$ cat query-v1.pdb   # PDB, C-alpha atoms
ATOM      1  CA  MET A  24     110.335  95.208  89.178
ATOM      2  CA  ALA A  25     114.077  95.349  88.519
ATOM      3  CA  ARG A  26     116.287  97.769  90.430
ATOM      4  CA  GLY A  27     116.246 101.230  88.892
ATOM      5  CA  VAL A  28     113.223 100.488  86.665
ATOM      6  CA  VAL A  29     110.441 103.027  87.013
ATOM      7  CA  ASP A  30     106.801 102.127  86.409
ATOM      8  CA  HIS A  31     106.150 105.090  84.110
ATOM      9  CA  GLU A  32     102.705 103.783  83.138
ATOM     10  CA  GLY A  33     101.574 103.688  86.759
ATOM     11  CA  MET A  34     102.931 107.195  87.247
ATOM     12  CA  ARG A  35     100.999 108.533  84.261
ATOM     13  CA  GLY A  36      97.727 106.743  85.027
ATOM     14  CA  GLU A  37      94.477 108.518  85.833
ATOM     15  CA  TRP A  38      94.969 108.141  89.577
ATOM     16  CA  ALA A  39      98.452 109.706  89.517
ATOM     17  CA  GLU A  40      97.359 112.422  87.098
ATOM     18  CA  ALA A  41      94.415 113.373  89.316
ATOM     19  CA  LEU A  42      96.796 113.770  92.255
ATOM     20  CA  ARG A  43      99.184 115.857  90.133
ATOM     21  CA  GLN A  44      96.374 118.285  89.320
ATOM     22  CA  ALA A  45      95.878 119.194  92.977
ATOM     23  CA  GLY A  46      97.296 122.625  93.607
ATOM     24  CA  ARG A  47      97.234 125.882  95.451
ATOM     25  CA  PRO A  48      93.940 127.704  94.848
ATOM     26  CA  VAL A  49      94.150 131.103  93.202
ATOM     27  CA  GLY A  50      93.726 133.955  95.662
ATOM     28  CA  MET A  51      94.696 132.128  98.854
ATOM     29  CA  PRO A  52      95.231 134.681 101.636
ATOM     30  CA  PHE A  53      98.500 133.112 102.825
ATOM     31  CA  ARG A  54     101.461 131.066 101.545
ATOM     32  CA  ILE A  55     103.329 128.461 103.582
ATOM     33  CA  THR A  56     107.018 128.983 102.844
ATOM     34  CA  ARG A  57     108.704 126.041 104.585
ATOM     35  CA  ILE A  58     108.191 123.237 107.065
ATOM     36  CA  GLY A  59     108.611 124.743 110.517
ATOM     37  CA  HIS A  60     109.140 122.001 113.117
ATOM     38  CA  VAL A  61     108.143 118.534 114.178
ATOM     39  CA  VAL A  62     107.248 117.329 117.674
ATOM     40  CA  LEU A  63     107.764 113.655 118.552
ATOM     41  CA  ARG A  64     106.576 111.642 121.569
ATOM     42  CA  VAL A  65     109.332 109.505 123.064
ATOM     43  CA  THR A  66     109.522 106.879 125.785
ATOM     44  CA  ASP A  67     112.806 107.999 127.417
ATOM     45  CA  LEU A  68     113.356 111.760 127.112
ATOM     46  CA  GLU A  69     116.974 111.761 128.333
ATOM     47  CA  ARG A  70     117.974 108.939 125.968
ATOM     48  CA  SER A  71     116.318 110.652 123.005
ATOM     49  CA  VAL A  72     117.828 114.059 123.781
ATOM     50  CA  GLY A  73     121.234 112.344 123.885
ATOM     51  CA  PHE A  74     120.596 110.765 120.478
ATOM     52  CA  TYR A  75     119.503 113.999 118.799
ATOM     53  CA  THR A  76     122.305 116.081 120.324
ATOM     54  CA  GLU A  77     125.226 113.634 120.246
ATOM     55  CA  LEU A  78     124.507 111.893 116.919
ATOM     56  CA  LEU A  79     122.706 114.618 114.954
ATOM     57  CA  GLY A  80     124.285 117.694 116.536
ATOM     58  CA  LEU A  81     121.068 119.486 117.473
ATOM     59  CA  GLU A  82     121.277 121.999 120.309
ATOM     60  CA  VAL A  83     118.838 122.388 123.178
ATOM     61  CA  SER A  84     117.036 125.749 123.257
ATOM     62  CA  ASP A  85     114.559 125.247 126.103
ATOM     63  CA  VAL A  86     113.177 122.599 128.435
ATOM     64  CA  TYR A  87     109.722 122.233 129.967
ATOM     65  CA  PRO A  88     109.767 120.223 133.188
ATOM     66  CA  PRO A  89     107.012 117.648 133.810
ATOM     67  CA  THR A  90     105.168 120.288 135.874
ATOM     68  CA  MET A  91     104.671 122.336 132.682
ATOM     69  CA  MET A  92     104.187 119.440 130.236
ATOM     70  CA  PRO A  93     103.430 115.880 131.361
ATOM     71  CA  GLY A  94     106.544 113.834 130.604
ATOM     72  CA  GLY A  95     108.666 116.955 130.050
ATOM     73  CA  MET A  96     109.479 118.593 126.720
ATOM     74  CA  VAL A  97     112.768 119.573 125.095
ATOM     75  CA  PHE A  98     113.053 122.100 122.249
ATOM     76  CA  MET A  99     116.050 121.644 119.925
ATOM     77  CA  ARG A 100     117.474 123.591 117.013
ATOM     78  CA  CYS A 101     119.816 123.123 114.065
ATOM     79  CA  ASN A 102     119.866 126.769 112.933
ATOM     80  CA  THR A 103     118.723 130.103 114.347
ATOM     81  CA  ASP A 104     115.065 129.048 114.659
ATOM     82  CA  HIS A 105     114.198 128.469 118.312
ATOM     83  CA  HIS A 106     113.338 124.854 117.491
ATOM     84  CA  GLY A 107     113.051 122.538 114.535
ATOM     85  CA  VAL A 108     112.498 119.382 116.604
ATOM     86  CA  ALA A 109     110.814 119.058 119.969
ATOM     87  CA  LEU A 110     110.559 115.891 122.023
ATOM     88  CA  VAL A 111     107.791 115.178 124.512
ATOM     89  CA  GLY A 112     108.498 112.486 127.088
ATOM     90  CA  GLY A 113     106.131 110.048 128.667
ATOM     91  CA  ALA A 114     105.112 107.897 125.719
ATOM     92  CA  THR A 115     103.977 104.575 127.123
ATOM     93  CA  GLY A 116     104.891 101.324 125.480
ATOM     94  CA  PRO A 117     106.609 101.129 122.128
ATOM     95  CA  VAL A 118     106.003 104.105 119.849
ATOM     96  CA  ARG A 119     104.347 102.843 116.666
ATOM     97  CA  GLY A 120     106.271 105.312 114.529
ATOM     98  CA  ASP A 121     104.158 104.616 111.446
ATOM     99  CA  GLU A 122     101.919 107.677 111.629
ATOM    100  CA  LEU A 123     104.875 109.912 110.765
ATOM    101  CA  HIS A 124     106.680 108.305 107.838
ATOM    102  CA  HIS A 125     109.985 110.115 108.350
ATOM    103  CA  LEU A 126     111.700 113.347 109.322
ATOM    104  CA  ALA A 127     114.493 114.585 107.059
ATOM    105  CA  PHE A 128     117.480 116.800 107.865
ATOM    106  CA  GLU A 129     119.361 118.561 105.060
ATOM    107  CA  VAL A 130     123.142 118.959 105.128
ATOM    108  CA  GLY A 131     125.219 121.334 103.029
ATOM    109  CA  THR A 132     127.531 118.882 101.260
ATOM    110  CA  LEU A 133     127.572 115.369  99.903
ATOM    111  CA  ASP A 134     130.643 114.667 102.047
ATOM    112  CA  GLU A 135     128.507 115.260 105.152
ATOM    113  CA  VAL A 136     126.045 112.533 104.128
ATOM    114  CA  ILE A 137     128.931 110.058 103.986
ATOM    115  CA  ARG A 138     130.349 111.289 107.299
ATOM    116  CA  ALA A 139     126.905 111.029 108.910
ATOM    117  CA  ARG A 140     126.568 107.443 107.654
ATOM    118  CA  ASP A 141     130.015 106.619 109.033
ATOM    119  CA  LEU A 142     129.170 108.098 112.450
ATOM    120  CA  LEU A 143     125.887 106.199 112.604
ATOM    121  CA  ARG A 144     127.711 102.963 111.766
ATOM    122  CA  ALA A 145     130.361 103.665 114.396
ATOM    123  CA  ARG A 146     127.616 104.144 117.015
ATOM    124  CA  ASP A 147     125.840 100.935 115.911
ATOM    125  CA  VAL A 148     122.725 102.783 114.728
ATOM    126  CA  PRO A 149     120.955 100.475 112.243
ATOM    127  CA  ILE A 150     120.759 102.030 108.775
ATOM    128  CA  ASP A 151     117.601 101.325 106.760
ATOM    129  CA  PHE A 152     118.804 102.840 103.471
ATOM    130  CA  GLU A 153     121.722 104.645 101.884
ATOM    131  CA  GLY A 154     121.935 105.899  98.327
ATOM    132  CA  ARG A 155     119.607 107.920  96.110
ATOM    133  CA  ARG A 156     115.821 107.855  96.071
ATOM    134  CA  ARG A 157     113.898 108.412  92.869
ATOM    135  CA  ALA A 158     111.647 111.515  92.923
ATOM    136  CA  GLY A 159     113.700 114.431  94.245
ATOM    137  CA  CYS A 160     116.965 112.580  93.514
ATOM    138  CA  GLN A 161     118.474 113.429  96.909
ATOM    139  CA  ILE A 162     121.366 111.343  98.187
ATOM    140  CA  ALA A 163     120.578 110.166 101.680
ATOM    141  CA  VAL A 164     121.114 107.890 104.622
ATOM    142  CA  GLU A 165     117.990 106.729 106.489
ATOM    143  CA  PHE A 166     117.925 105.346 110.030
ATOM    144  CA  ARG A 167     115.834 105.292 113.239
ATOM    145  CA  ASP A 168     115.965 107.124 116.524
ATOM    146  CA  PRO A 169     115.771 105.158 119.808
ATOM    147  CA  ASP A 170     111.949 105.056 119.609
ATOM    148  CA  GLY A 171     111.902 103.872 116.012
ATOM    149  CA  HIS A 172     111.035 107.188 114.340
ATOM    150  CA  ARG A 173     112.393 107.151 110.788
ATOM    151  CA  LEU A 174     115.003 109.838 110.111
ATOM    152  CA  GLU A 175     116.882 110.918 106.998
ATOM    153  CA  ILE A 176     120.000 112.998 106.436
ATOM    154  CA  TYR A 177     120.175 114.175 102.837
ATOM    155  CA  TRP A 178     121.896 116.409 100.295
ATOM    156  CA  GLY A 179     121.087 117.447  96.731
ATOM    157  CA  LEU A 180     117.291 117.576  96.670
ATOM    158  CA  ASP A 181     116.093 118.682  93.227
ATOM    159  CA  GLN A 182     114.809 122.245  93.028
ATOM    160  CA  ILE A 183     111.705 123.127  91.014
ATOM    161  CA  GLY A 184     112.372 125.877  88.477
ATOM    162  CA  SER A 185     110.217 128.812  87.444
ATOM    163  CA  ASP A 186     108.359 126.598  84.957
ATOM    164  CA  GLY A 187     106.982 124.597  87.919
ATOM    165  CA  ARG A 188     107.955 121.245  86.429
ATOM    166  CA  PRO A 189     109.954 118.598  88.308
ATOM    167  CA  ARG A 190     112.587 116.384  86.719
ATOM    168  CA  SER A 191     110.988 113.752  84.470
ATOM    169  CA  PRO A 192     110.877 110.189  85.872
ATOM    170  CA  GLU A 193     113.071 109.008  82.996
ATOM    171  CA  GLN A 194     115.930 111.039  84.542
ATOM    172  CA  TRP A 195     115.667 109.554  88.027
ATOM    173  CA  ARG A 196     118.643 107.418  89.054
ATOM    174  CA  GLU A 197     117.774 105.240  92.033
ATOM    175  CA  ALA A 198     120.887 103.974  93.802
ATOM    176  CA  LEU A 199     120.966 101.448  96.637
ATOM    177  CA  SER A 200     124.381 102.469  97.973
ATOM    178  CA  LEU A 201     126.285 105.714  98.386
ATOM    179  CA  ALA A 202     128.988 104.402  96.048
ATOM    180  CA  ASP A 203     126.412 103.805  93.306
ATOM    181  CA  ALA A 204     124.813 107.217  93.938
ATOM    182  CA  LEU A 205     128.172 108.929  93.411
ATOM    183  CA  ALA A 206     129.076 106.859  90.348
ATOM    184  CA  ASN A 207     125.747 107.260  88.515
ATOM    185  CA  PRO A 208     124.317 110.752  89.026
ATOM    186  CA  PRO A 209     121.246 112.038  87.216
ATOM    187  CA  ILE A 210     121.639 114.902  84.757
ATOM    188  CA  GLY A 211     122.791 118.048  86.551
ATOM    189  CA  GLN A 212     123.736 116.490  89.907
ATOM    190  CA  ASP A 213     127.438 117.002  90.650
ATOM    191  CA  THR A 214     128.555 114.166  92.917
ATOM    192  CA  THR A 215     132.177 115.303  93.174
ATOM    193  CA  LEU A 216     133.335 115.005  96.772
ATOM    194  CA  GLN A 217     135.148 117.898  98.427
ATOM    195  CA  ASP A 218     137.380 115.313 100.087
ATOM    196  CA  PRO A 219     138.299 112.825  97.327
ATOM    197  CA  ASP A 220     139.725 110.431  99.925
ATOM    198  CA  LEU A 221     136.311 110.032 101.550
ATOM    199  CA  VAL A 222     135.281 106.545 100.548
ATOM    200  CA  PRO A 223     131.529 105.906 100.410
TER     201      PRO A 223
END
$ encode --input "query-v1.pdb" --output "structure tokens"
Amino acid sequence: MARGVVDHEGMRGEWAEALRQAGRPVGMPFRITRIGHVVLRVTDLERSVGFYTELLGLEVSDVYPPTMMPGGMVFMRCNTDHHGVALVGGATGPVRGDELHHLAFEVGTLDEVIRARDLLRARDVPIDFEGRRRAGCQIAVEFRDPDGHRLEIYWGLDQIGSDGRPRSPEQWREALSLADALANPPIGQDTTLQDPDLVP
């Protein structure tokens, strides 16, 4: 399928429609309001803590020594929550990394996505993707941590309005570079940079 072409028929088929009909049952006694945290197993705890603090800017809240948790455990935060990411050491052999598809971190501006990409490049972190995905229309850079866990830094995720309907697939604008994402925004996405000299 050509770049930017969406298989609308596949998206409207019986299989996709059945999945779309899944929803929150009426009368549930609780409501989950946001994703709380993720815990990852890593092979080298010190190396991974360095990656998440030095490249992503997370801060360490607490540490469990190996006497409390085999392999040790480090709790890290990016806001006032005690932790959003925790790492558990002692993984043996290469981490498969395919059970968890990816972990995404939101930033407040489009400029920060570009700056994050530039920092990752400067530190020789391989980048798997940069640009705009389709559903959700967020502009992102995707990469891996030292154990191969897939990570994403993004801005501009679509919000669902009071009518409960997402943006129609015809309005998606997939972009395979940050430059293309800025030049060809979907309806309603302002891709004006705060720093106009920041070159994607």
$ residues_around --input "query-v1.pdb" --residues "A:Gly159" --least-positions-apart "3" --cutoff "10 Å" --atoms "only C-alpha atoms" --output "PyMOL selection string"
chain A and resi 155-156+162+179-183+189-190+192+195
$ axis_aligned_box --input "query-v1.pdb" --around "stretch 154-164 of chain A" --padding-each-side "4 Å" --output "lines of an AutoDock Vina configuration file"
center_x = 116.8
center_y = 110.2
center_z = 98.7
size_x = 18.3
size_y = 16.5
size_z = 19.8
$ resolve_selection --input "query-v1.pdb" --expression "the PyMOL selection byres ((chain A and resi 173) around 9)" --output "ChimeraX atom specification"
/A:120-121,123-127,151,165-168,171-172,174-175
$ write_last_selection --input "query-v1.pdb" --atoms "C-alpha atoms" --output "JSON list (two decimals), keeping the file's coordinate frame"
[["chain", "number", "residue", "atom", "x", "y", "z"],
["A", 120, "GLY", "CA", 106.27, 105.31, 114.53],
["A", 121, "ASP", "CA", 104.16, 104.62, 111.45],
["A", 123, "LEU", "CA", 104.88, 109.91, 110.76],
["A", 124, "HIS", "CA", 106.68, 108.30, 107.84],
["A", 125, "HIS", "CA", 109.98, 110.12, 108.35],
["A", 126, "LEU", "CA", 111.70, 113.35, 109.32],
["A", 127, "ALA", "CA", 114.49, 114.58, 107.06],
["A", 151, "ASP", "CA", 117.60, 101.32, 106.76],
["A", 165, "GLU", "CA", 117.99, 106.73, 106.49],
["A", 166, "PHE", "CA", 117.92, 105.35, 110.03],
["A", 167, "ARG", "CA", 115.83, 105.29, 113.24],
["A", 168, "ASP", "CA", 115.96, 107.12, 116.52],
["A", 171, "GLY", "CA", 111.90, 103.87, 116.01],
["A", 172, "HIS", "CA", 111.04, 107.19, 114.34],
["A", 174, "LEU", "CA", 115.00, 109.84, 110.11],
["A", 175, "GLU", "CA", 116.88, 110.92, 107.00]]
$ residues_around --input "query-v1.pdb" --residues "stretch 212-221 of chain A" --least-positions-apart "5" --cutoff "10 Å" --atoms "all atoms listed in the file" --output "list of chain:residue names"
A:Thr132, A:Leu133, A:Asp134, A:Glu135, A:Ile137, A:Arg138, A:Cys160, A:Gln161, A:Ile162, A:Gly179, A:Leu180, A:Asp181, A:Ala204, A:Leu205, A:Ala206, A:Asn207
$ resolve_selection --input "query-v1.pdb" --expression "the PyMOL selection byres ((chain A and resi 139) around 10)" --output "PyMOL selection string"
chain A and resi 78-79+130+134-138+140-145+163-164+176-177
$ atom_distance --input "query-v1.pdb" --atom1 "atom CA of A:Gly131" --atom2 "atom CA of A:Arg146"
22.3 Å
$ resolve_selection --input "query-v1.pdb" --expression "the PyMOL selection byres ((chain A and resi 104) around 12)" --output "list in words"
Ile58, Gly59, His60, Leu81, Glu82, Val83, Ser84, Phe98, Met99, Arg100, Cys101, Asn102, Thr103, His105, His106, Gly107 and Val108 of chain A
$ atom_distance --input "query-v1.pdb" --atom1 "atom CA of A:Ala45" --atom2 "atom CA of A:Ile210"
27.4 Å
$ closest_residue --input "query-v1.pdb" --among "A:Pro208, A:Gly154, A:Gly116, A:Pro169" --to "A:Pro223" --atoms "all atoms listed in the file"
A:Gly154
$ residues_around --input "query-v1.pdb" --residues "A:Asp67" --least-positions-apart "5" --cutoff "8 Å" --atoms "only C-alpha atoms" --output "MDAnalysis selection string"
chainID A and resid 112:114
$ residues_near_point --input "query-v1.pdb" --point "(107.6, 122.0, 121.2)" --cutoff "8 Å" --atoms "only C-alpha atoms" --output "ChimeraX atom specification"
/A:61-62,96-98,106,108-111
$ write_last_selection --input "query-v1.pdb" --atoms "C-alpha atoms" --output "PDB file, in the coordinates of the input"
ATOM      1  CA  VAL A  61     108.143 118.534 114.178  1.00  0.00           C
ATOM      2  CA  VAL A  62     107.248 117.329 117.674  1.00  0.00           C
ATOM      3  CA  MET A  96     109.479 118.593 126.720  1.00  0.00           C
ATOM      4  CA  VAL A  97     112.768 119.573 125.095  1.00  0.00           C
ATOM      5  CA  PHE A  98     113.053 122.100 122.249  1.00  0.00           C
ATOM      6  CA  HIS A 106     113.338 124.854 117.491  1.00  0.00           C
ATOM      7  CA  VAL A 108     112.498 119.382 116.604  1.00  0.00           C
ATOM      8  CA  ALA A 109     110.814 119.058 119.969  1.00  0.00           C
ATOM      9  CA  LEU A 110     110.559 115.891 122.023  1.00  0.00           C
ATOM     10  CA  VAL A 111     107.791 115.178 124.512  1.00  0.00           C
TER      11      VAL A 111
END
$ atom_distance --input "query-v1.pdb" --atom1 "atom CA of A:Ala39" --atom2 "atom CA of A:Ser185"
22.5 Å
$ residues_near_point --input "query-v1.pdb" --point "(120.3, 104.3, 86.9)" --cutoff "7 Å" --atoms "all atoms listed in the file" --output "number ranges by chain"
A: 27, 196-198, 207
$ decode --input "query-v1.pdb" --residues "stretch 41-68 of chain A" --atoms "C-alpha atoms" --output "PDB file, in the first residue's frame"
ATOM      1  CA  ALA A  41     -16.929  -5.689  16.262  1.00  0.00           C
ATOM      2  CA  LEU A  42     -13.843  -4.391  18.066  1.00  0.00           C
ATOM      3  CA  ARG A  43     -15.167  -0.815  17.915  1.00  0.00           C
ATOM      4  CA  GLN A  44     -18.363  -1.902  19.664  1.00  0.00           C
ATOM      5  CA  ALA A  45     -16.477  -3.041  22.760  1.00  0.00           C
ATOM      6  CA  GLY A  46     -17.009  -0.545  25.528  1.00  0.00           C
ATOM      7  CA  ARG A  47     -17.346   0.250  29.171  1.00  0.00           C
ATOM      8  CA  PRO A  48     -20.338  -1.573  30.672  1.00  0.00           C
ATOM      9  CA  VAL A  49     -23.076   0.578  32.152  1.00  0.00           C
ATOM     10  CA  GLY A  50     -22.959   0.704  35.938  1.00  0.00           C
ATOM     11  CA  MET A  51     -19.309  -0.236  36.447  1.00  0.00           C
ATOM     12  CA  PRO A  52     -18.333   0.477  40.064  1.00  0.00           C
ATOM     13  CA  PHE A  53     -15.064   2.209  39.130  1.00  0.00           C
ATOM     14  CA  ARG A  54     -13.461   4.226  36.310  1.00  0.00           C
ATOM     15  CA  ILE A  55      -9.788   4.064  35.355  1.00  0.00           C
ATOM     16  CA  THR A  56      -8.703   7.645  34.703  1.00  0.00           C
ATOM     17  CA  ARG A  57      -5.165   7.272  33.334  1.00  0.00           C
ATOM     18  CA  ILE A  58      -2.285   4.868  32.882  1.00  0.00           C
ATOM     19  CA  GLY A  59      -0.376   4.826  36.155  1.00  0.00           C
ATOM     20  CA  HIS A  60       3.085   3.297  35.664  1.00  0.00           C
ATOM     21  CA  VAL A  61       5.045   0.627  33.883  1.00  0.00           C
ATOM     22  CA  VAL A  62       7.660  -1.718  35.345  1.00  0.00           C
ATOM     23  CA  LEU A  63      10.357  -3.137  33.054  1.00  0.00           C
ATOM     24  CA  ARG A  64      12.885  -5.934  33.647  1.00  0.00           C
ATOM     25  CA  VAL A  65      16.392  -4.976  32.561  1.00  0.00           C
ATOM     26  CA  THR A  66      19.709  -6.780  32.287  1.00  0.00           C
ATOM     27  CA  ASP A  67      21.971  -4.005  33.663  1.00  0.00           C
ATOM     28  CA  LEU A  68      20.175  -1.817  36.217  1.00  0.00           C
TER      29      LEU A  68
END
